[in-house]
Amino acid sequence: DHQDSFTFNLVHLLNSFDKVHVTNYFDINQNKLNKANLVVFSPGPGEPKNYPTSSSIYNLIKGKKKILGICLGFQQILYNEKGCITQQKNIYHGYQSKIKVLQNSKLFNKNHIFTVGRYHSLKLKEPFHSKYINITMRCMKTKIAMAFEDRTNQIYGFQFHPESFL
């Protein structure tokens with residue numbers, strides 16, 4: 001939990017799939033982290049470089065546990081994969097966007113269009129190259145990366161908020 005108001009909306013969504021334990025960024029429960037099958041890096045304020053503990057955890061568990069990043073968590077993962085996280089031209093807080101699933105997605109139907117809720121002022125600067133991470137969704141208007149999949153290491157991320165009412 002990066003101390004974001006959306007964290008517990010995300011918890012309620014994920015609770016419908018499995019038991020969820022929330023650990024505050026400032027008080028990591030190492031025992032729960034060690035037992036977890038999936039680690040979710042939550043939304044939050046600021047930028048990835050403000051969360052060195054999350055970077056340490058990511059680098060420790062990469063390839064050992066499933067990982068999901070939402071908004072700041074999405075940026076946190078890409079930041080640790082040598083992606084440059086930068087300010088967007090426009091700020092998207094409480095904004096609806098149409099995003100399109102790209103041909104390389106294995107999780108979603110290709111060319112499917114979603115309407116999603118966005119709450120971010122940062123983005124992945126492109127071009128971004130990775131051996132394992134594939135950008136799999138883009139905003140239809142701005143072409144900004146909105147999702148990625150790393151099937152080899154079981155790491156996934158969404159720049160948008162799947163738990164948002166938008």
# chains A, B, ... in the order shown; residues from 1 in each chain; ligands from 1

call {"tool": "closest_atom_pairs", "arguments": {"of": "stretch 98-151 of chain A", "to": "stretch 59-79 of chain A", "cutoff": "12 Å", "atoms": "only C-alpha atoms", "output": "tab-separated table"}}
result
residue	atom	partner	partner_atom	distance
A:Gly117	CA	A:Cys71	CA	10.6
A:Arg118	CA	A:Cys71	CA	8.4
A:Tyr119	CA	A:Cys71	CA	7.7
A:His120	CA	A:Cys71	CA	7.1
A:Ser121	CA	A:Cys71	CA	10.0
A:Leu122	CA	A:Gln75	CA	8.2
A:Lys123	CA	A:Gln75	CA	7.4
A:Leu124	CA	A:Gln75	CA	7.1
A:Lys125	CA	A:Leu78	CA	10.1
A:Glu126	CA	A:Leu78	CA	11.3
A:Phe128	CA	A:Leu78	CA	9.2
A:His129	CA	A:Leu78	CA	10.4
A:Ser130	CA	A:Leu78	CA	9.6
A:Tyr132	CA	A:Gly63	CA	11.3
A:Ile133	CA	A:Leu78	CA	8.8
A:Asn134	CA	A:Leu78	CA	10.9
A:Ile135	CA	A:Leu78	CA	10.6
A:Ala145	CA	A:Phe74	CA	10.2
A:Met146	CA	A:Phe74	CA	8.8
A:Ala147	CA	A:Phe74	CA	7.9
A:Phe148	CA	A:Phe74	CA	8.4
A:Glu149	CA	A:Leu68	CA	9.6
A:Asp150	CA	A:Ile67	CA	9.6
A:Arg151	CA	A:Lys66	CA	9.8

call {"tool": "write_last_selection", "arguments": {"atoms": "N, CA and C atoms", "output": "compact mmCIF listing (two decimals), in the first residue's frame"}}
result
# COMPACT_ATOMS: atom_id res chain seq x y z
N GLY A 117 -10.76 4.18 -16.14
CA GLY A 117 -10.53 5.36 -15.32
C GLY A 117 -9.05 5.59 -15.12
N ARG A 118 -8.63 6.83 -15.35
CA ARG A 118 -7.21 7.18 -15.22
C ARG A 118 -7.02 8.23 -14.14
N TYR A 119 -5.92 8.07 -13.40
CA TYR A 119 -5.59 8.98 -12.31
C TYR A 119 -4.07 9.12 -12.24
N HIS A 120 -3.48 9.70 -13.28
CA HIS A 120 -2.02 9.79 -13.28
C HIS A 120 -1.54 11.00 -14.07
N SER A 121 -0.39 11.49 -13.67
CA SER A 121 0.25 12.61 -14.37
C SER A 121 1.58 12.18 -14.98
N LEU A 122 1.99 10.95 -14.70
CA LEU A 122 3.24 10.42 -15.23
C LEU A 122 2.95 9.35 -16.27
N LYS A 123 3.96 9.06 -17.10
CA LYS A 123 3.82 8.03 -18.12
C LYS A 123 5.18 7.39 -18.37
N LEU A 124 5.15 6.27 -19.07
CA LEU A 124 6.37 5.63 -19.55
C LEU A 124 6.84 6.40 -20.78
N LYS A 125 8.08 6.87 -20.73
CA LYS A 125 8.66 7.53 -21.91
C LYS A 125 9.07 6.44 -22.90
N GLU A 126 8.70 6.65 -24.13
CA GLU A 126 9.04 5.66 -25.15
C GLU A 126 9.93 6.29 -26.21
N PHE A 128 10.64 2.25 -25.34
CA PHE A 128 11.05 1.42 -24.20
C PHE A 128 11.30 0.03 -24.76
N HIS A 129 12.47 -0.51 -24.46
CA HIS A 129 12.82 -1.84 -24.97
C HIS A 129 13.10 -2.78 -23.81
N SER A 130 12.53 -3.97 -23.90
CA SER A 130 12.72 -4.99 -22.88
C SER A 130 12.67 -6.35 -23.54
N TYR A 132 11.58 -9.02 -22.09
CA TYR A 132 10.41 -9.78 -21.63
C TYR A 132 9.11 -8.98 -21.56
N ILE A 133 9.20 -7.68 -21.33
CA ILE A 133 8.00 -6.87 -21.13
C ILE A 133 7.48 -6.37 -22.48
N ASN A 134 6.19 -6.65 -22.72
CA ASN A 134 5.52 -6.19 -23.92
C ASN A 134 4.41 -5.23 -23.54
N ILE A 135 4.38 -4.06 -24.15
CA ILE A 135 3.26 -3.14 -23.98
C ILE A 135 2.08 -3.77 -24.70
N ALA A 145 1.28 4.08 -23.26
CA ALA A 145 1.22 2.70 -22.77
C ALA A 145 0.29 2.62 -21.56
N MET A 146 -0.66 1.69 -21.61
CA MET A 146 -1.63 1.55 -20.53
C MET A 146 -1.59 0.17 -19.87
N ALA A 147 -0.87 -0.78 -20.46
CA ALA A 147 -0.73 -2.10 -19.85
C ALA A 147 0.51 -2.78 -20.41
N PHE A 148 1.04 -3.70 -19.62
CA PHE A 148 2.14 -4.53 -20.10
C PHE A 148 1.98 -5.93 -19.56
N GLU A 149 2.64 -6.87 -20.24
CA GLU A 149 2.69 -8.27 -19.83
C GLU A 149 4.11 -8.77 -19.95
N ASP A 150 4.58 -9.42 -18.91
CA ASP A 150 5.85 -10.15 -18.92
C ASP A 150 5.48 -11.57 -18.53
N ARG A 151 5.17 -12.38 -19.52
CA ARG A 151 4.71 -13.74 -19.26
C ARG A 151 5.82 -14.64 -18.73

call {"tool": "residues_around", "arguments": {"residues": "stretch 100-110 of chain A", "least_positions_apart": "2", "cutoff": "7 Å", "atoms": "only C-alpha atoms", "output": "PyMOL selection string"}}
result
chain A and resi 98+112-114+136-140

call {"tool": "atom_distance", "arguments": {"atom1": "atom CA of A:Leu166", "atom2": "atom CA of A:Val39"}}
result
24.5 Å

call {"tool": "atom_distance", "arguments": {"atom1": "atom CA of A:Ala36", "atom2": "atom CA of A:Ile57"}}
result
12.4 Å

call {"tool": "closest_residue", "arguments": {"among": "A:Asn24, A:Gln30, A:Asn90, A:Ser42", "to": "A:Thr7", "atoms": "only C-alpha atoms"}}
result
A:Ser42

call {"tool": "select_by_dssp", "arguments": {"residues": "chain A", "states": "helix (DSSP H, G or I)", "output": "ChimeraX atom specification"}}
result
/A:7-15,30-35,48-50,52-61,72-80

call {"tool": "atom_distance", "arguments": {"atom1": "atom CA of A:Ile144", "atom2": "atom CA of A:Glu81"}}
result
17.6 Å

call {"tool": "closest_residue", "arguments": {"among": "A:Phe165, A:Thr115, A:Pro43, A:Pro48", "to": "A:Phe6", "atoms": "only C-alpha atoms"}}
result
A:Pro43

call {"tool": "residues_around", "arguments": {"residues": "A:Val11", "least_positions_apart": "6", "cutoff": "10 Å", "atoms": "only C-alpha atoms", "output": "PDB file with N, CA, C and O atoms, in the first residue's frame"}}
result
ATOM      1  N   ASP A   1       0.845  -1.183   0.000  1.00  0.00           N
ATOM      2  CA  ASP A   1       0.000   0.000   0.000  1.00  0.00           C
ATOM      3  C   ASP A   1       0.882   1.234   0.000  1.00  0.00           C
ATOM      4  O   ASP A   1       1.582   1.511   0.962  1.00  0.00           O
ATOM      5  N   ASP A  18      -9.315 -14.045  -4.116  1.00  0.00           N
ATOM      6  CA  ASP A  18      -8.472 -14.724  -3.127  1.00  0.00           C
ATOM      7  C   ASP A  18      -8.363 -13.851  -1.888  1.00  0.00           C
ATOM      8  O   ASP A  18      -8.737 -12.675  -1.911  1.00  0.00           O
ATOM      9  N   LYS A  19      -7.823 -14.420  -0.830  1.00  0.00           N
ATOM     10  CA  LYS A  19      -7.598 -13.668   0.404  1.00  0.00           C
ATOM     11  C   LYS A  19      -6.496 -12.635   0.159  1.00  0.00           C
ATOM     12  O   LYS A  19      -5.467 -12.940  -0.446  1.00  0.00           O
ATOM     13  N   VAL A  20      -6.719 -11.415   0.631  1.00  0.00           N
ATOM     14  CA  VAL A  20      -5.778 -10.318   0.415  1.00  0.00           C
ATOM     15  C   VAL A  20      -5.299  -9.782   1.755  1.00  0.00           C
ATOM     16  O   VAL A  20      -6.096  -9.588   2.679  1.00  0.00           O
ATOM     17  N   HIS A  21      -4.012  -9.562   1.860  1.00  0.00           N
ATOM     18  CA  HIS A  21      -3.433  -8.919   3.037  1.00  0.00           C
ATOM     19  C   HIS A  21      -2.744  -7.637   2.572  1.00  0.00           C
ATOM     20  O   HIS A  21      -1.968  -7.660   1.618  1.00  0.00           O
ATOM     21  N   VAL A  22      -3.026  -6.542   3.244  1.00  0.00           N
ATOM     22  CA  VAL A  22      -2.441  -5.250   2.891  1.00  0.00           C
ATOM     23  C   VAL A  22      -1.310  -4.941   3.863  1.00  0.00           C
ATOM     24  O   VAL A  22      -1.471  -5.035   5.071  1.00  0.00           O
ATOM     25  N   VAL A  40       1.063  -7.252  -5.124  1.00  0.00           N
ATOM     26  CA  VAL A  40       0.492  -6.143  -5.874  1.00  0.00           C
ATOM     27  C   VAL A  40       1.135  -4.856  -5.390  1.00  0.00           C
ATOM     28  O   VAL A  40       1.134  -4.571  -4.189  1.00  0.00           O
ATOM     29  N   SER A  42       0.589  -1.119  -5.295  1.00  0.00           N
ATOM     30  CA  SER A  42      -0.630  -0.316  -5.403  1.00  0.00           C
ATOM     31  C   SER A  42      -0.397   1.036  -6.050  1.00  0.00           C
ATOM     32  O   SER A  42       0.745   1.473  -6.232  1.00  0.00           O
ATOM     33  N   GLU A 163     -10.122  -0.892 -10.731  1.00  0.00           N
ATOM     34  CA  GLU A 163     -11.077  -0.870  -9.616  1.00  0.00           C
ATOM     35  C   GLU A 163     -11.911   0.419  -9.579  1.00  0.00           C
ATOM     36  O   GLU A 163     -12.818   0.554  -8.769  1.00  0.00           O
TER      37      GLU A 163
END

call {"tool": "residues_around", "arguments": {"residues": "A:Thr53", "least_positions_apart": "2", "cutoff": "9 Å", "atoms": "only C-alpha atoms", "output": "ChimeraX atom specification"}}
result
/A:25-26,28,50-51,55-58

call {"tool": "select_by_dssp", "arguments": {"residues": "chain A", "states": "strand (DSSP E)", "output": "ChimeraX atom specification"}}
result
/A:38-41,66-70,85-101,113-124,134-139,145-150,155-158

call {"tool": "write_last_selection", "arguments": {"atoms": "N, CA and C atoms", "output": "compact mmCIF listing (two decimals), in the first residue's frame"}}
result
# COMPACT_ATOMS: atom_id res chain seq x y z
N LEU A 38 1.20 -13.80 -4.87
CA LEU A 38 1.10 -12.65 -5.75
C LEU A 38 1.36 -11.40 -4.92
N VAL A 39 2.17 -10.50 -5.44
CA VAL A 39 2.42 -9.22 -4.78
C VAL A 39 1.89 -8.13 -5.70
N VAL A 40 1.06 -7.25 -5.12
CA VAL A 40 0.49 -6.14 -5.87
C VAL A 40 1.13 -4.86 -5.39
N PHE A 41 1.69 -4.10 -6.32
CA PHE A 41 2.20 -2.76 -6.01
C PHE A 41 1.07 -1.80 -6.33
N LYS A 66 4.38 -14.02 -8.59
CA LYS A 66 3.60 -13.24 -9.54
C LYS A 66 3.52 -11.80 -9.02
N ILE A 67 3.58 -10.85 -9.95
CA ILE A 67 3.56 -9.44 -9.57
C ILE A 67 2.54 -8.71 -10.45
N LEU A 68 1.79 -7.81 -9.80
CA LEU A 68 0.85 -6.94 -10.49
C LEU A 68 1.09 -5.52 -10.02
N GLY A 69 1.17 -4.59 -10.97
CA GLY A 69 1.33 -3.17 -10.63
C GLY A 69 0.18 -2.37 -11.18
N ILE A 70 -0.39 -1.52 -10.32
CA ILE A 70 -1.49 -0.66 -10.73
C ILE A 70 -1.06 0.79 -10.58
N ILE A 85 10.30 7.12 -16.42
CA ILE A 85 8.96 7.59 -16.07
C ILE A 85 9.02 9.11 -16.07
N THR A 86 8.15 9.72 -16.86
CA THR A 86 8.22 11.16 -17.08
C THR A 86 6.83 11.81 -16.99
N GLN A 87 6.83 13.11 -16.86
CA GLN A 87 5.59 13.88 -16.81
C GLN A 87 4.86 13.82 -18.15
N GLN A 88 3.55 13.66 -18.10
CA GLN A 88 2.74 13.70 -19.32
C GLN A 88 2.45 15.13 -19.71
N LYS A 89 2.08 15.32 -20.94
CA LYS A 89 1.67 16.65 -21.40
C LYS A 89 0.40 17.09 -20.65
N ASN A 90 -0.55 16.17 -20.51
CA ASN A 90 -1.80 16.44 -19.79
C ASN A 90 -1.88 15.55 -18.55
N ILE A 91 -2.55 16.05 -17.53
CA ILE A 91 -2.77 15.27 -16.31
C ILE A 91 -4.13 14.60 -16.43
N TYR A 92 -4.17 13.32 -16.11
CA TYR A 92 -5.40 12.54 -16.22
C TYR A 92 -5.82 12.06 -14.83
N HIS A 93 -6.47 12.91 -14.08
CA HIS A 93 -6.97 12.54 -12.75
C HIS A 93 -8.49 12.54 -12.81
N GLY A 94 -9.09 11.34 -12.66
CA GLY A 94 -10.53 11.22 -12.77
C GLY A 94 -11.00 11.36 -14.20
N TYR A 95 -10.23 10.82 -15.11
CA TYR A 95 -10.47 10.98 -16.54
C TYR A 95 -10.78 9.62 -17.16
N GLN A 96 -11.77 9.57 -18.03
CA GLN A 96 -12.08 8.35 -18.77
C GLN A 96 -11.35 8.35 -20.10
N SER A 97 -10.80 7.20 -20.44
CA SER A 97 -10.14 7.03 -21.74
C SER A 97 -10.54 5.71 -22.35
N LYS A 98 -10.51 5.69 -23.65
CA LYS A 98 -10.68 4.43 -24.36
C LYS A 98 -9.29 3.88 -24.64
N ILE A 99 -9.11 2.62 -24.29
CA ILE A 99 -7.82 1.98 -24.55
C ILE A 99 -8.06 0.74 -25.41
N LYS A 100 -7.05 0.40 -26.18
CA LYS A 100 -7.17 -0.73 -27.11
C LYS A 100 -6.14 -1.79 -26.76
N VAL A 101 -6.58 -3.04 -26.79
CA VAL A 101 -5.69 -4.19 -26.58
C VAL A 101 -4.92 -4.43 -27.86
N ILE A 113 -11.66 -2.97 -27.08
CA ILE A 113 -11.57 -1.59 -26.60
C ILE A 113 -12.27 -1.51 -25.24
N PHE A 114 -11.58 -0.94 -24.26
CA PHE A 114 -12.11 -0.73 -22.92
C PHE A 114 -12.24 0.77 -22.66
N THR A 115 -13.20 1.14 -21.83
CA THR A 115 -13.25 2.49 -21.27
C THR A 115 -12.76 2.35 -19.84
N VAL A 116 -11.72 3.09 -19.48
CA VAL A 116 -11.08 2.93 -18.17
C VAL A 116 -10.97 4.27 -17.46
N GLY A 117 -10.76 4.18 -16.14
CA GLY A 117 -10.53 5.36 -15.32
C GLY A 117 -9.05 5.59 -15.12
N ARG A 118 -8.63 6.83 -15.35
CA ARG A 118 -7.21 7.18 -15.22
C ARG A 118 -7.02 8.23 -14.14
N TYR A 119 -5.92 8.07 -13.40
CA TYR A 119 -5.59 8.98 -12.31
C TYR A 119 -4.07 9.12 -12.24
N HIS A 120 -3.48 9.70 -13.28
CA HIS A 120 -2.02 9.79 -13.28
C HIS A 120 -1.54 11.00 -14.07
N SER A 121 -0.39 11.49 -13.67
CA SER A 121 0.25 12.61 -14.37
C SER A 121 1.58 12.18 -14.98
N LEU A 122 1.99 10.95 -14.70
CA LEU A 122 3.24 10.42 -15.23
C LEU A 122 2.95 9.35 -16.27
N LYS A 123 3.96 9.06 -17.10
CA LYS A 123 3.82 8.03 -18.12
C LYS A 123 5.18 7.39 -18.37
N LEU A 124 5.15 6.27 -19.07
CA LEU A 124 6.37 5.63 -19.55
C LEU A 124 6.84 6.40 -20.78
N ASN A 134 6.19 -6.65 -22.72
CA ASN A 134 5.52 -6.19 -23.92
C ASN A 134 4.41 -5.23 -23.54
N ILE A 135 4.38 -4.06 -24.15
CA ILE A 135 3.26 -3.14 -23.98
C ILE A 135 2.08 -3.77 -24.70
N THR A 136 0.96 -3.95 -24.00
CA THR A 136 -0.16 -4.70 -24.55
C THR A 136 -1.46 -3.91 -24.66
N MET A 137 -1.50 -2.68 -24.13
CA MET A 137 -2.66 -1.80 -24.29
C MET A 137 -2.16 -0.37 -24.42
N ARG A 138 -2.87 0.41 -25.22
CA ARG A 138 -2.54 1.83 -25.39
C ARG A 138 -3.81 2.66 -25.37
N CYS A 139 -3.66 3.90 -24.91
CA CYS A 139 -4.74 4.87 -25.00
C CYS A 139 -4.98 5.14 -26.48
N ALA A 145 1.28 4.08 -23.26
CA ALA A 145 1.22 2.70 -22.77
C ALA A 145 0.29 2.62 -21.56
N MET A 146 -0.66 1.69 -21.61
CA MET A 146 -1.63 1.55 -20.53
C MET A 146 -1.59 0.17 -19.87
N ALA A 147 -0.87 -0.78 -20.46
CA ALA A 147 -0.73 -2.10 -19.85
C ALA A 147 0.51 -2.78 -20.41
N PHE A 148 1.04 -3.70 -19.62
CA PHE A 148 2.14 -4.53 -20.10
C PHE A 148 1.98 -5.93 -19.56
N GLU A 149 2.64 -6.87 -20.24
CA GLU A 149 2.69 -8.27 -19.83
C GLU A 149 4.11 -8.77 -19.95
N ASP A 150 4.58 -9.42 -18.91
CA ASP A 150 5.85 -10.15 -18.92
C ASP A 150 5.48 -11.57 -18.53
N ILE A 155 4.74 -11.04 -14.59
CA ILE A 155 4.63 -9.67 -14.10
C ILE A 155 3.70 -8.92 -15.05
N TYR A 156 2.70 -8.25 -14.48
CA TYR A 156 1.70 -7.56 -15.27
C TYR A 156 1.43 -6.18 -14.68
N GLY A 157 1.03 -5.24 -15.51
CA GLY A 157 0.76 -3.91 -14.99
C GLY A 157 -0.29 -3.17 -15.80
N PHE A 158 -1.02 -2.31 -15.08
CA PHE A 158 -2.02 -1.43 -15.68
C PHE A 158 -1.75 -0.01 -15.22

call {"tool": "decode", "arguments": {"residues": "stretch 27-38 of chain A", "atoms": "all heavy atoms", "output": "PDB file, in the first residue's frame"}}
result
ATOM      1  N   ASP A  27       5.580   0.005   6.843  1.00  0.00           N
ATOM      2  CA  ASP A  27       5.642  -1.065   7.841  1.00  0.00           C
ATOM      3  C   ASP A  27       5.413  -2.404   7.138  1.00  0.00           C
ATOM      4  O   ASP A  27       4.393  -3.054   7.329  1.00  0.00           O
ATOM      5  CB  ASP A  27       4.585  -0.820   8.924  1.00  0.00           C
ATOM      6  CG  ASP A  27       4.683  -1.805  10.068  1.00  0.00           C
ATOM      7  OD1 ASP A  27       5.769  -2.374  10.289  1.00  0.00           O
ATOM      8  OD2 ASP A  27       3.654  -2.011  10.746  1.00  0.00           O
ATOM      9  N   ILE A  28       6.362  -2.809   6.315  1.00  0.00           N
ATOM     10  CA  ILE A  28       6.237  -4.038   5.525  1.00  0.00           C
ATOM     11  C   ILE A  28       6.210  -5.250   6.445  1.00  0.00           C
ATOM     12  O   ILE A  28       7.084  -5.429   7.291  1.00  0.00           O
ATOM     13  CB  ILE A  28       7.408  -4.179   4.520  1.00  0.00           C
ATOM     14  CG1 ILE A  28       7.507  -2.953   3.604  1.00  0.00           C
ATOM     15  CG2 ILE A  28       7.292  -5.477   3.725  1.00  0.00           C
ATOM     16  CD1 ILE A  28       6.344  -2.752   2.680  1.00  0.00           C
ATOM     17  N   ASN A  29       5.206  -6.100   6.273  1.00  0.00           N
ATOM     18  CA  ASN A  29       5.112  -7.345   7.021  1.00  0.00           C
ATOM     19  C   ASN A  29       5.867  -8.410   6.216  1.00  0.00           C
ATOM     20  O   ASN A  29       5.325  -8.997   5.272  1.00  0.00           O
ATOM     21  CB  ASN A  29       3.644  -7.732   7.223  1.00  0.00           C
ATOM     22  CG  ASN A  29       3.494  -8.977   8.060  1.00  0.00           C
ATOM     23  OD1 ASN A  29       4.261  -9.925   7.943  1.00  0.00           O
ATOM     24  ND2 ASN A  29       2.465  -8.984   8.903  1.00  0.00           N
ATOM     25  N   GLN A  30       7.119  -8.625   6.558  1.00  0.00           N
ATOM     26  CA  GLN A  30       7.991  -9.526   5.804  1.00  0.00           C
ATOM     27  C   GLN A  30       7.465 -10.958   5.795  1.00  0.00           C
ATOM     28  O   GLN A  30       7.575 -11.652   4.783  1.00  0.00           O
ATOM     29  CB  GLN A  30       9.406  -9.490   6.387  1.00  0.00           C
ATOM     30  CG  GLN A  30      10.458 -10.071   5.476  1.00  0.00           C
ATOM     31  CD  GLN A  30      10.624  -9.288   4.183  1.00  0.00           C
ATOM     32  OE1 GLN A  30      10.693  -8.067   4.171  1.00  0.00           O
ATOM     33  NE2 GLN A  30      10.675  -9.989   3.059  1.00  0.00           N
ATOM     34  N   ASN A  31       6.859 -11.394   6.885  1.00  0.00           N
ATOM     35  CA  ASN A  31       6.319 -12.752   6.962  1.00  0.00           C
ATOM     36  C   ASN A  31       5.200 -12.941   5.934  1.00  0.00           C
ATOM     37  O   ASN A  31       5.174 -13.937   5.207  1.00  0.00           O
ATOM     38  CB  ASN A  31       5.816 -13.041   8.385  1.00  0.00           C
ATOM     39  CG  ASN A  31       5.423 -14.492   8.569  1.00  0.00           C
ATOM     40  OD1 ASN A  31       6.070 -15.396   8.040  1.00  0.00           O
ATOM     41  ND2 ASN A  31       4.352 -14.720   9.308  1.00  0.00           N
ATOM     42  N   LYS A  32       4.271 -11.990   5.859  1.00  0.00           N
ATOM     43  CA  LYS A  32       3.179 -12.071   4.878  1.00  0.00           C
ATOM     44  C   LYS A  32       3.726 -11.973   3.456  1.00  0.00           C
ATOM     45  O   LYS A  32       3.267 -12.670   2.555  1.00  0.00           O
ATOM     46  CB  LYS A  32       2.158 -10.957   5.117  1.00  0.00           C
ATOM     47  CG  LYS A  32       1.427 -11.071   6.422  1.00  0.00           C
ATOM     48  CD  LYS A  32       0.326 -12.069   6.332  1.00  0.00           C
ATOM     49  CE  LYS A  32      -0.481 -12.026   7.617  1.00  0.00           C
ATOM     50  NZ  LYS A  32      -1.542 -13.005   7.623  1.00  0.00           N
ATOM     51  N   LEU A  33       4.719 -11.112   3.250  1.00  0.00           N
ATOM     52  CA  LEU A  33       5.333 -10.972   1.934  1.00  0.00           C
ATOM     53  C   LEU A  33       5.973 -12.285   1.490  1.00  0.00           C
ATOM     54  O   LEU A  33       5.809 -12.713   0.349  1.00  0.00           O
ATOM     55  CB  LEU A  33       6.379  -9.854   1.959  1.00  0.00           C
ATOM     56  CG  LEU A  33       7.087  -9.555   0.644  1.00  0.00           C
ATOM     57  CD1 LEU A  33       6.104  -9.077  -0.410  1.00  0.00           C
ATOM     58  CD2 LEU A  33       8.167  -8.512   0.866  1.00  0.00           C
ATOM     59  N   ASN A  34       6.669 -12.948   2.402  1.00  0.00           N
ATOM     60  CA  ASN A  34       7.318 -14.217   2.079  1.00  0.00           C
ATOM     61  C   ASN A  34       6.315 -15.297   1.706  1.00  0.00           C
ATOM     62  O   ASN A  34       6.594 -16.148   0.865  1.00  0.00           O
ATOM     63  CB  ASN A  34       8.180 -14.690   3.243  1.00  0.00           C
ATOM     64  CG  ASN A  34       9.387 -13.813   3.462  1.00  0.00           C
ATOM     65  OD1 ASN A  34       9.806 -13.060   2.586  1.00  0.00           O
ATOM     66  ND2 ASN A  34       9.955 -13.880   4.656  1.00  0.00           N
ATOM     67  N   LYS A  35       5.136 -15.282   2.331  1.00  0.00           N
ATOM     68  CA  LYS A  35       4.117 -16.300   2.079  1.00  0.00           C
ATOM     69  C   LYS A  35       3.258 -16.012   0.852  1.00  0.00           C
ATOM     70  O   LYS A  35       2.570 -16.895   0.359  1.00  0.00           O
ATOM     71  CB  LYS A  35       3.213 -16.435   3.301  1.00  0.00           C
ATOM     72  CG  LYS A  35       3.909 -17.046   4.498  1.00  0.00           C
ATOM     73  CD  LYS A  35       2.973 -17.137   5.685  1.00  0.00           C
ATOM     74  CE  LYS A  35       3.686 -17.724   6.888  1.00  0.00           C
ATOM     75  NZ  LYS A  35       2.805 -17.767   8.065  1.00  0.00           N
ATOM     76  N   ALA A  36       3.271 -14.793   0.367  1.00  0.00           N
ATOM     77  CA  ALA A  36       2.383 -14.389  -0.725  1.00  0.00           C
ATOM     78  C   ALA A  36       2.723 -15.099  -2.034  1.00  0.00           C
ATOM     79  O   ALA A  36       3.892 -15.314  -2.357  1.00  0.00           O
ATOM     80  CB  ALA A  36       2.485 -12.876  -0.927  1.00  0.00           C
ATOM     81  N   ASN A  37       1.686 -15.453  -2.791  1.00  0.00           N
ATOM     82  CA  ASN A  37       1.858 -16.001  -4.139  1.00  0.00           C
ATOM     83  C   ASN A  37       1.899 -14.891  -5.173  1.00  0.00           C
ATOM     84  O   ASN A  37       2.497 -15.026  -6.223  1.00  0.00           O
ATOM     85  CB  ASN A  37       0.700 -16.939  -4.484  1.00  0.00           C
ATOM     86  CG  ASN A  37       0.689 -18.171  -3.605  1.00  0.00           C
ATOM     87  OD1 ASN A  37       1.739 -18.731  -3.320  1.00  0.00           O
ATOM     88  ND2 ASN A  37      -0.482 -18.560  -3.160  1.00  0.00           N
ATOM     89  N   LEU A  38       1.196 -13.801  -4.869  1.00  0.00           N
ATOM     90  CA  LEU A  38       1.097 -12.647  -5.754  1.00  0.00           C
ATOM     91  C   LEU A  38       1.356 -11.403  -4.921  1.00  0.00           C
ATOM     92  O   LEU A  38       0.817 -11.262  -3.827  1.00  0.00           O
ATOM     93  CB  LEU A  38      -0.309 -12.559  -6.367  1.00  0.00           C
ATOM     94  CG  LEU A  38      -0.699 -11.246  -7.048  1.00  0.00           C
ATOM     95  CD1 LEU A  38       0.082 -11.046  -8.341  1.00  0.00           C
ATOM     96  CD2 LEU A  38      -2.195 -11.213  -7.322  1.00  0.00           C
TER      97      LEU A  38
END
